[in-house]
file work38.txt (compact mmCIF, C-alpha atoms and all ligand atoms)
# COMPACT_ATOMS: atom_id res chain seq x y z
CA MET A 1 -27.98 18.59 10.79
CA VAL A 2 -31.58 19.78 10.85
CA GLU A 3 -31.93 19.28 14.58
CA HIS A 4 -29.20 21.86 15.14
CA VAL A 5 -31.09 24.49 13.26
CA ILE A 6 -34.20 24.11 15.36
CA ARG A 7 -32.41 23.41 18.66
CA MET A 8 -33.46 25.56 21.58
CA CYS A 9 -31.01 26.80 24.16
CA PRO A 10 -31.77 24.70 27.31
CA GLN A 11 -31.19 27.64 29.71
CA THR A 12 -32.99 30.48 28.05
CA LYS A 13 -35.35 28.38 25.91
CA SER A 14 -34.65 30.83 23.15
CA VAL A 15 -33.90 29.77 19.62
CA LEU A 16 -30.14 29.75 19.05
CA THR A 17 -28.76 32.54 16.93
CA VAL A 18 -27.55 31.85 13.42
CA ARG A 19 -23.98 32.37 14.60
CA GLU A 20 -24.37 29.77 17.37
CA ASN A 21 -25.94 27.32 14.95
CA VAL A 22 -23.12 27.79 12.49
CA LEU A 23 -20.60 27.16 15.27
CA ILE A 24 -22.35 23.94 16.30
CA MET A 25 -22.52 22.74 12.71
CA PHE A 26 -18.88 23.61 12.15
CA ARG A 27 -17.81 21.63 15.22
CA THR A 28 -19.92 18.66 14.12
CA LEU A 29 -18.41 18.77 10.64
CA LEU A 30 -14.92 18.97 12.10
CA ALA A 31 -15.57 15.93 14.29
CA VAL A 32 -16.95 13.97 11.32
CA ALA A 33 -13.96 14.96 9.19
CA MET A 34 -11.53 13.83 11.88
CA ILE A 35 -13.23 10.46 12.25
CA ALA A 36 -13.24 10.03 8.47
CA ALA A 37 -9.53 10.87 8.30
CA VAL A 38 -8.45 8.02 10.59
CA PRO A 39 -8.90 5.10 8.13
CA THR A 40 -7.21 7.16 5.41
CA LEU A 41 -4.14 7.57 7.57
CA ALA A 42 -4.21 3.87 8.42
CA ALA A 43 -4.30 3.02 4.71
CA ALA A 44 -1.31 5.27 4.02
CA GLU A 45 0.58 3.41 6.74
CA GLY A 46 -0.27 0.01 5.30
CA ASP A 47 -1.71 -3.00 7.09
CA ALA A 48 0.51 -6.10 7.08
CA ALA A 49 -2.40 -8.49 7.75
CA ALA A 50 -4.31 -7.10 4.77
CA GLY A 51 -1.06 -7.25 2.78
CA GLU A 52 -0.78 -10.98 3.44
CA LYS A 53 -4.08 -11.38 1.58
CA VAL A 54 -2.87 -9.21 -1.30
CA PHE A 55 0.24 -11.42 -1.44
CA ARG A 56 -1.99 -14.28 -2.64
CA LYS A 57 -1.64 -12.67 -6.06
CA CYS A 58 2.11 -13.14 -5.88
CA LYS A 59 2.28 -16.61 -4.34
CA ALA A 60 2.26 -18.54 -7.60
CA CYS A 61 5.67 -17.01 -8.30
CA HIS A 62 7.13 -15.84 -4.97
CA THR A 63 7.59 -16.86 -1.37
CA ALA A 64 8.65 -14.43 1.34
CA ASP A 65 8.88 -17.04 4.09
CA GLU A 66 12.06 -18.84 3.05
CA ALA A 67 15.02 -18.18 0.78
CA LYS A 68 13.60 -20.37 -1.98
CA ASN A 69 13.07 -19.22 -5.55
CA LYS A 70 10.02 -20.16 -7.57
CA VAL A 71 9.16 -18.61 -10.95
CA GLY A 72 10.32 -15.39 -9.29
CA PRO A 73 13.09 -14.79 -6.74
CA HIS A 74 12.36 -15.22 -3.03
CA LEU A 75 11.33 -12.02 -1.26
CA VAL A 76 12.89 -12.58 2.18
CA GLY A 77 14.40 -9.24 3.23
CA ILE A 78 13.20 -7.56 0.04
CA VAL A 79 12.76 -4.17 1.72
CA GLY A 80 16.25 -2.68 1.73
CA ARG A 81 17.60 -5.24 -0.77
CA LYS A 82 19.17 -4.25 -4.09
CA ALA A 83 17.12 -5.23 -7.16
CA GLY A 84 18.36 -8.40 -8.83
CA ALA A 85 20.47 -9.50 -5.85
CA VAL A 86 19.46 -13.13 -5.22
CA GLU A 87 22.59 -15.06 -6.22
CA ASP A 88 21.05 -18.18 -7.70
CA PHE A 89 18.13 -16.53 -9.51
CA LYS A 90 18.37 -15.85 -13.22
CA TYR A 91 17.15 -12.26 -13.52
CA SER A 92 16.55 -10.37 -16.72
CA ASP A 93 19.27 -7.89 -17.65
CA ALA A 94 16.69 -5.13 -17.15
CA MET A 95 16.22 -6.10 -13.50
CA LYS A 96 19.92 -6.76 -12.83
CA ASN A 97 20.94 -3.41 -14.30
CA SER A 98 18.07 -1.33 -12.92
CA GLY A 99 20.28 0.11 -10.18
CA LEU A 100 17.27 0.18 -7.84
CA THR A 101 17.18 -0.54 -4.14
CA TRP A 102 13.81 -1.77 -2.91
CA ASP A 103 12.24 0.58 -0.44
CA GLU A 104 8.66 1.70 0.11
CA ALA A 105 8.68 4.12 -2.83
CA THR A 106 10.43 1.91 -5.41
CA LEU A 107 8.37 -1.14 -4.47
CA LYS A 108 5.11 0.78 -4.81
CA GLU A 109 6.11 2.15 -8.20
CA TYR A 110 7.24 -1.23 -9.48
CA LEU A 111 4.24 -3.16 -8.17
CA ALA A 112 1.78 -0.58 -9.49
CA ASP A 113 3.11 -1.06 -13.02
CA PRO A 114 6.08 -3.45 -13.35
CA LYS A 115 6.56 -2.92 -17.09
CA ALA A 116 6.59 0.87 -16.81
CA LYS A 117 8.99 1.00 -13.88
CA ILE A 118 11.50 -1.50 -15.35
CA PRO A 119 10.93 -1.92 -19.09
CA GLY A 120 12.05 -5.37 -20.24
CA ASN A 121 11.83 -7.03 -16.82
CA LYS A 122 10.37 -10.53 -16.95
CA MET A 123 7.79 -10.46 -14.18
CA ILE A 124 4.45 -11.15 -15.84
CA PHE A 125 2.18 -9.16 -13.56
CA ALA A 126 -0.26 -6.43 -14.57
CA GLY A 127 0.21 -4.42 -11.40
CA LEU A 128 -1.75 -3.51 -8.29
CA LYS A 129 -4.07 -0.64 -9.04
CA LYS A 130 -5.27 0.28 -5.55
CA ALA A 131 -3.09 2.58 -3.41
CA GLU A 132 -4.35 0.70 -0.37
CA ASP A 133 -3.18 -2.68 -1.73
CA LEU A 134 0.24 -1.20 -2.48
CA ALA A 135 0.59 0.22 1.04
CA ASP A 136 -0.58 -3.08 2.54
CA ILE A 137 1.73 -5.30 0.50
CA VAL A 138 4.76 -3.15 1.37
CA ALA A 139 3.76 -3.32 5.07
CA TYR A 140 3.53 -7.11 4.73
CA LEU A 141 6.87 -7.46 2.92
CA SER A 142 8.51 -5.22 5.56
CA THR A 143 7.77 -7.92 8.14
CA LYS A 144 9.76 -10.51 6.11
CA LYS A 145 13.34 -9.99 7.21
C1 LIG A 201 3.81 -14.76 -12.92
C2 LIG A 201 4.81 -14.74 -11.91
C3 LIG A 201 4.91 -13.54 -11.01
C4 LIG A 201 3.93 -12.93 -10.28
C5 LIG A 201 2.45 -13.24 -10.26
C6 LIG A 201 4.58 -11.91 -9.48
N1 LIG A 201 5.93 -11.90 -9.74
FE1 LIG A 201 7.33 -10.68 -8.89
N2 LIG A 201 8.76 -11.44 -10.13
C7 LIG A 201 8.57 -12.46 -11.03
C8 LIG A 201 9.79 -12.66 -11.80
C9 LIG A 201 10.01 -13.70 -12.89
C10 LIG A 201 10.71 -11.69 -11.32
C11 LIG A 201 12.10 -11.43 -11.84
C12 LIG A 201 12.00 -10.32 -12.88
C13 LIG A 201 13.23 -10.10 -13.72
O1 LIG A 201 14.29 -10.69 -13.45
O2 LIG A 201 13.13 -9.33 -14.67
C14 LIG A 201 10.03 -10.95 -10.26
C15 LIG A 201 10.61 -9.93 -9.51
C16 LIG A 201 10.03 -9.33 -8.43
C17 LIG A 201 10.68 -8.39 -7.56
C18 LIG A 201 12.14 -7.95 -7.63
C19 LIG A 201 12.95 -8.97 -6.84
C20 LIG A 201 14.43 -8.72 -6.75
O3 LIG A 201 15.11 -9.60 -6.21
O4 LIG A 201 14.90 -7.68 -7.21
C21 LIG A 201 9.77 -8.04 -6.60
C22 LIG A 201 9.98 -7.10 -5.44
C23 LIG A 201 8.55 -8.75 -6.90
N3 LIG A 201 8.73 -9.51 -8.00
C24 LIG A 201 7.40 -8.67 -6.13
C25 LIG A 201 6.18 -9.24 -6.51
C26 LIG A 201 4.95 -9.04 -5.78
C27 LIG A 201 4.82 -8.30 -4.46
C28 LIG A 201 3.97 -9.67 -6.49
C29 LIG A 201 2.48 -9.69 -6.21
C30 LIG A 201 1.83 -8.42 -6.03
C31 LIG A 201 4.60 -10.30 -7.65
N4 LIG A 201 5.93 -10.01 -7.60
C32 LIG A 201 3.95 -11.08 -8.58
C33 LIG A 201 7.41 -13.20 -11.19
C34 LIG A 201 6.17 -12.88 -10.67

call {"tool": "encode", "arguments": {"input": "work38.txt", "output": "structure tokens"}}
result
Amino acid sequence: MVEHVIRMCPQTKSVLTVRENVLIMFRTLLAVAMIAAVPTLAAAEGDAAAGEKVFRKCKACHTADEAKNKVGPHLVGIVGRKAGAVEDFKYSDAMKNSGLTWDEATLKEYLADPKAKIPGNKMIFAGLKKAEDLADIVAYLSTKK
């Protein structure tokens, strides 16, 4: 930033006015802010490849690659599915009667804090605390149709 303050105008060789300096600094700041905003937007969108890594935390109990239940129900087609809908899985009453449909918003809320979202559900998982992890895992699960 300092170089802007002391920059000389190449044509006139005069020191730039305060107003010109402010304009240059403002434009630089704007450019920096725009560059900084890009990864934030990407995080809000969710990254399926990063989500696959987050899914390691779920793998002991879930698969999303085939319609096979483990400790938890399979997660094939989970986005858009009603909660508690896998026929041969023994859900808790809390999950069966939650009345939820899994979409981006409900999944994020549940996975951030399973006990708070559906009190009495039997998934033993503390929750994902990072907004980025939540966005990424939903992006990953969205690819499992
Ligand atoms: C310790 C085992 C365990 C872990 C770890 C776990 N889950 Fe679960 N999950 C369960 C069980 C058991 C249920 C069924 C809950 C019920 O019936 O109350 C469940 C239910 C779910 C449901 C609702 C499924 C449906 O058919 O309605 C989703 C979605 C889910 N888990 C996603 C995840 C994700 C994503 C992770 C990782 C971030 C995760 N779970 C980690 C055991 C686990």

call {"tool": "closest_atom_pairs", "arguments": {"input": "work38.txt", "of": "chain A", "to": "ligand LIG 201 (chain A)", "cutoff": "8 Å", "atoms": "all atoms listed in the file", "output": "JSON lines"}}
result
{"residue": "A:Val54", "atom": "CA", "partner": "A:LIG201", "partner_atom": "C30", "distance": 6.7}
{"residue": "A:Phe55", "atom": "CA", "partner": "A:LIG201", "partner_atom": "C29", "distance": 5.5}
{"residue": "A:Arg56", "atom": "CA", "partner": "A:LIG201", "partner_atom": "C29", "distance": 7.3}
{"residue": "A:Lys57", "atom": "CA", "partner": "A:LIG201", "partner_atom": "C29", "distance": 5.1}
{"residue": "A:Cys58", "atom": "CA", "partner": "A:LIG201", "partner_atom": "C29", "distance": 3.5}
{"residue": "A:Lys59", "atom": "CA", "partner": "A:LIG201", "partner_atom": "C5", "distance": 6.8}
{"residue": "A:Ala60", "atom": "CA", "partner": "A:LIG201", "partner_atom": "C5", "distance": 5.9}
{"residue": "A:Cys61", "atom": "CA", "partner": "A:LIG201", "partner_atom": "C2", "distance": 4.4}
{"residue": "A:His62", "atom": "CA", "partner": "A:LIG201", "partner_atom": "N1", "distance": 6.3}
{"residue": "A:Val71", "atom": "CA", "partner": "A:LIG201", "partner_atom": "C9", "distance": 5.3}
{"residue": "A:Gly72", "atom": "CA", "partner": "A:LIG201", "partner_atom": "C8", "distance": 3.7}
{"residue": "A:Pro73", "atom": "CA", "partner": "A:LIG201", "partner_atom": "O3", "distance": 5.6}
{"residue": "A:His74", "atom": "CA", "partner": "A:LIG201", "partner_atom": "O3", "distance": 7.0}
{"residue": "A:Leu75", "atom": "CA", "partner": "A:LIG201", "partner_atom": "C19", "distance": 6.6}
{"residue": "A:Ile78", "atom": "CA", "partner": "A:LIG201", "partner_atom": "C22", "distance": 6.4}
{"residue": "A:Arg81", "atom": "CA", "partner": "A:LIG201", "partner_atom": "O4", "distance": 7.4}
{"residue": "A:Lys82", "atom": "CA", "partner": "A:LIG201", "partner_atom": "O4", "distance": 6.3}
{"residue": "A:Ala83", "atom": "CA", "partner": "A:LIG201", "partner_atom": "O4", "distance": 3.3}
{"residue": "A:Gly84", "atom": "CA", "partner": "A:LIG201", "partner_atom": "O4", "distance": 3.9}
{"residue": "A:Ala85", "atom": "CA", "partner": "A:LIG201", "partner_atom": "O3", "distance": 5.4}
{"residue": "A:Val86", "atom": "CA", "partner": "A:LIG201", "partner_atom": "O3", "distance": 5.7}
{"residue": "A:Lys90", "atom": "CA", "partner": "A:LIG201", "partner_atom": "O1", "distance": 6.6}
{"residue": "A:Tyr91", "atom": "CA", "partner": "A:LIG201", "partner_atom": "O1", "distance": 3.3}
{"residue": "A:Ser92", "atom": "CA", "partner": "A:LIG201", "partner_atom": "O1", "distance": 4.0}
{"residue": "A:Asp93", "atom": "CA", "partner": "A:LIG201", "partner_atom": "O2", "distance": 7.0}
{"residue": "A:Ala94", "atom": "CA", "partner": "A:LIG201", "partner_atom": "O2", "distance": 6.0}
{"residue": "A:Met95", "atom": "CA", "partner": "A:LIG201", "partner_atom": "O2", "distance": 4.6}
{"residue": "A:Lys96", "atom": "CA", "partner": "A:LIG201", "partner_atom": "O1", "distance": 6.9}
{"residue": "A:Trp102", "atom": "CA", "partner": "A:LIG201", "partner_atom": "C22", "distance": 7.0}
{"residue": "A:Leu107", "atom": "CA", "partner": "A:LIG201", "partner_atom": "C22", "distance": 6.2}
{"residue": "A:Tyr110", "atom": "CA", "partner": "A:LIG201", "partner_atom": "C22", "distance": 7.6}
{"residue": "A:Leu111", "atom": "CA", "partner": "A:LIG201", "partner_atom": "C30", "distance": 6.2}
{"residue": "A:Gly120", "atom": "CA", "partner": "A:LIG201", "partner_atom": "O2", "distance": 6.9}
{"residue": "A:Asn121", "atom": "CA", "partner": "A:LIG201", "partner_atom": "O2", "distance": 3.4}
{"residue": "A:Lys122", "atom": "CA", "partner": "A:LIG201", "partner_atom": "O2", "distance": 3.8}
{"residue": "A:Met123", "atom": "CA", "partner": "A:LIG201", "partner_atom": "C8", "distance": 3.8}
{"residue": "A:Ile124", "atom": "CA", "partner": "A:LIG201", "partner_atom": "C1", "distance": 4.7}
{"residue": "A:Phe125", "atom": "CA", "partner": "A:LIG201", "partner_atom": "C5", "distance": 5.3}
{"residue": "A:Gly127", "atom": "CA", "partner": "A:LIG201", "partner_atom": "C30", "distance": 6.9}
{"residue": "A:Leu128", "atom": "CA", "partner": "A:LIG201", "partner_atom": "C30", "distance": 6.5}
{"residue": "A:Ile137", "atom": "CA", "partner": "A:LIG201", "partner_atom": "C27", "distance": 6.6}
{"residue": "A:Val138", "atom": "CA", "partner": "A:LIG201", "partner_atom": "C27", "distance": 7.8}
{"residue": "A:Leu141", "atom": "CA", "partner": "A:LIG201", "partner_atom": "C27", "distance": 7.7}

call {"tool": "residues_around", "arguments": {"input": "work38.txt", "residues": "Ala139 in chain A", "least_positions_apart": "6", "cutoff": "12 Å", "atoms": "only C-alpha atoms", "output": "ChimeraX atom specification"}}
result
/A:42-55,78-79,103-105,107-108,132-133,145

call {"tool": "closest_residue", "arguments": {"input": "work38.txt", "among": "A:Ala131, A:Val76, A:Ser98, A:Tyr140", "to": "Ala112 in chain A", "atoms": "only C-alpha atoms"}}
result
A:Ala131

call {"tool": "atom_distance", "arguments": {"input": "work38.txt", "atom1": "CA of Ser142 in chain A", "atom2": "CA of Gly77 in chain A"}}
result
7.5 Å

call {"tool": "closest_residue", "arguments": {"input": "work38.txt", "among": "A:Glu87, A:Gly80, A:Arg19, A:Leu30", "to": "Leu100 in chain A", "atoms": "all atoms listed in the file"}}
result
A:Gly80
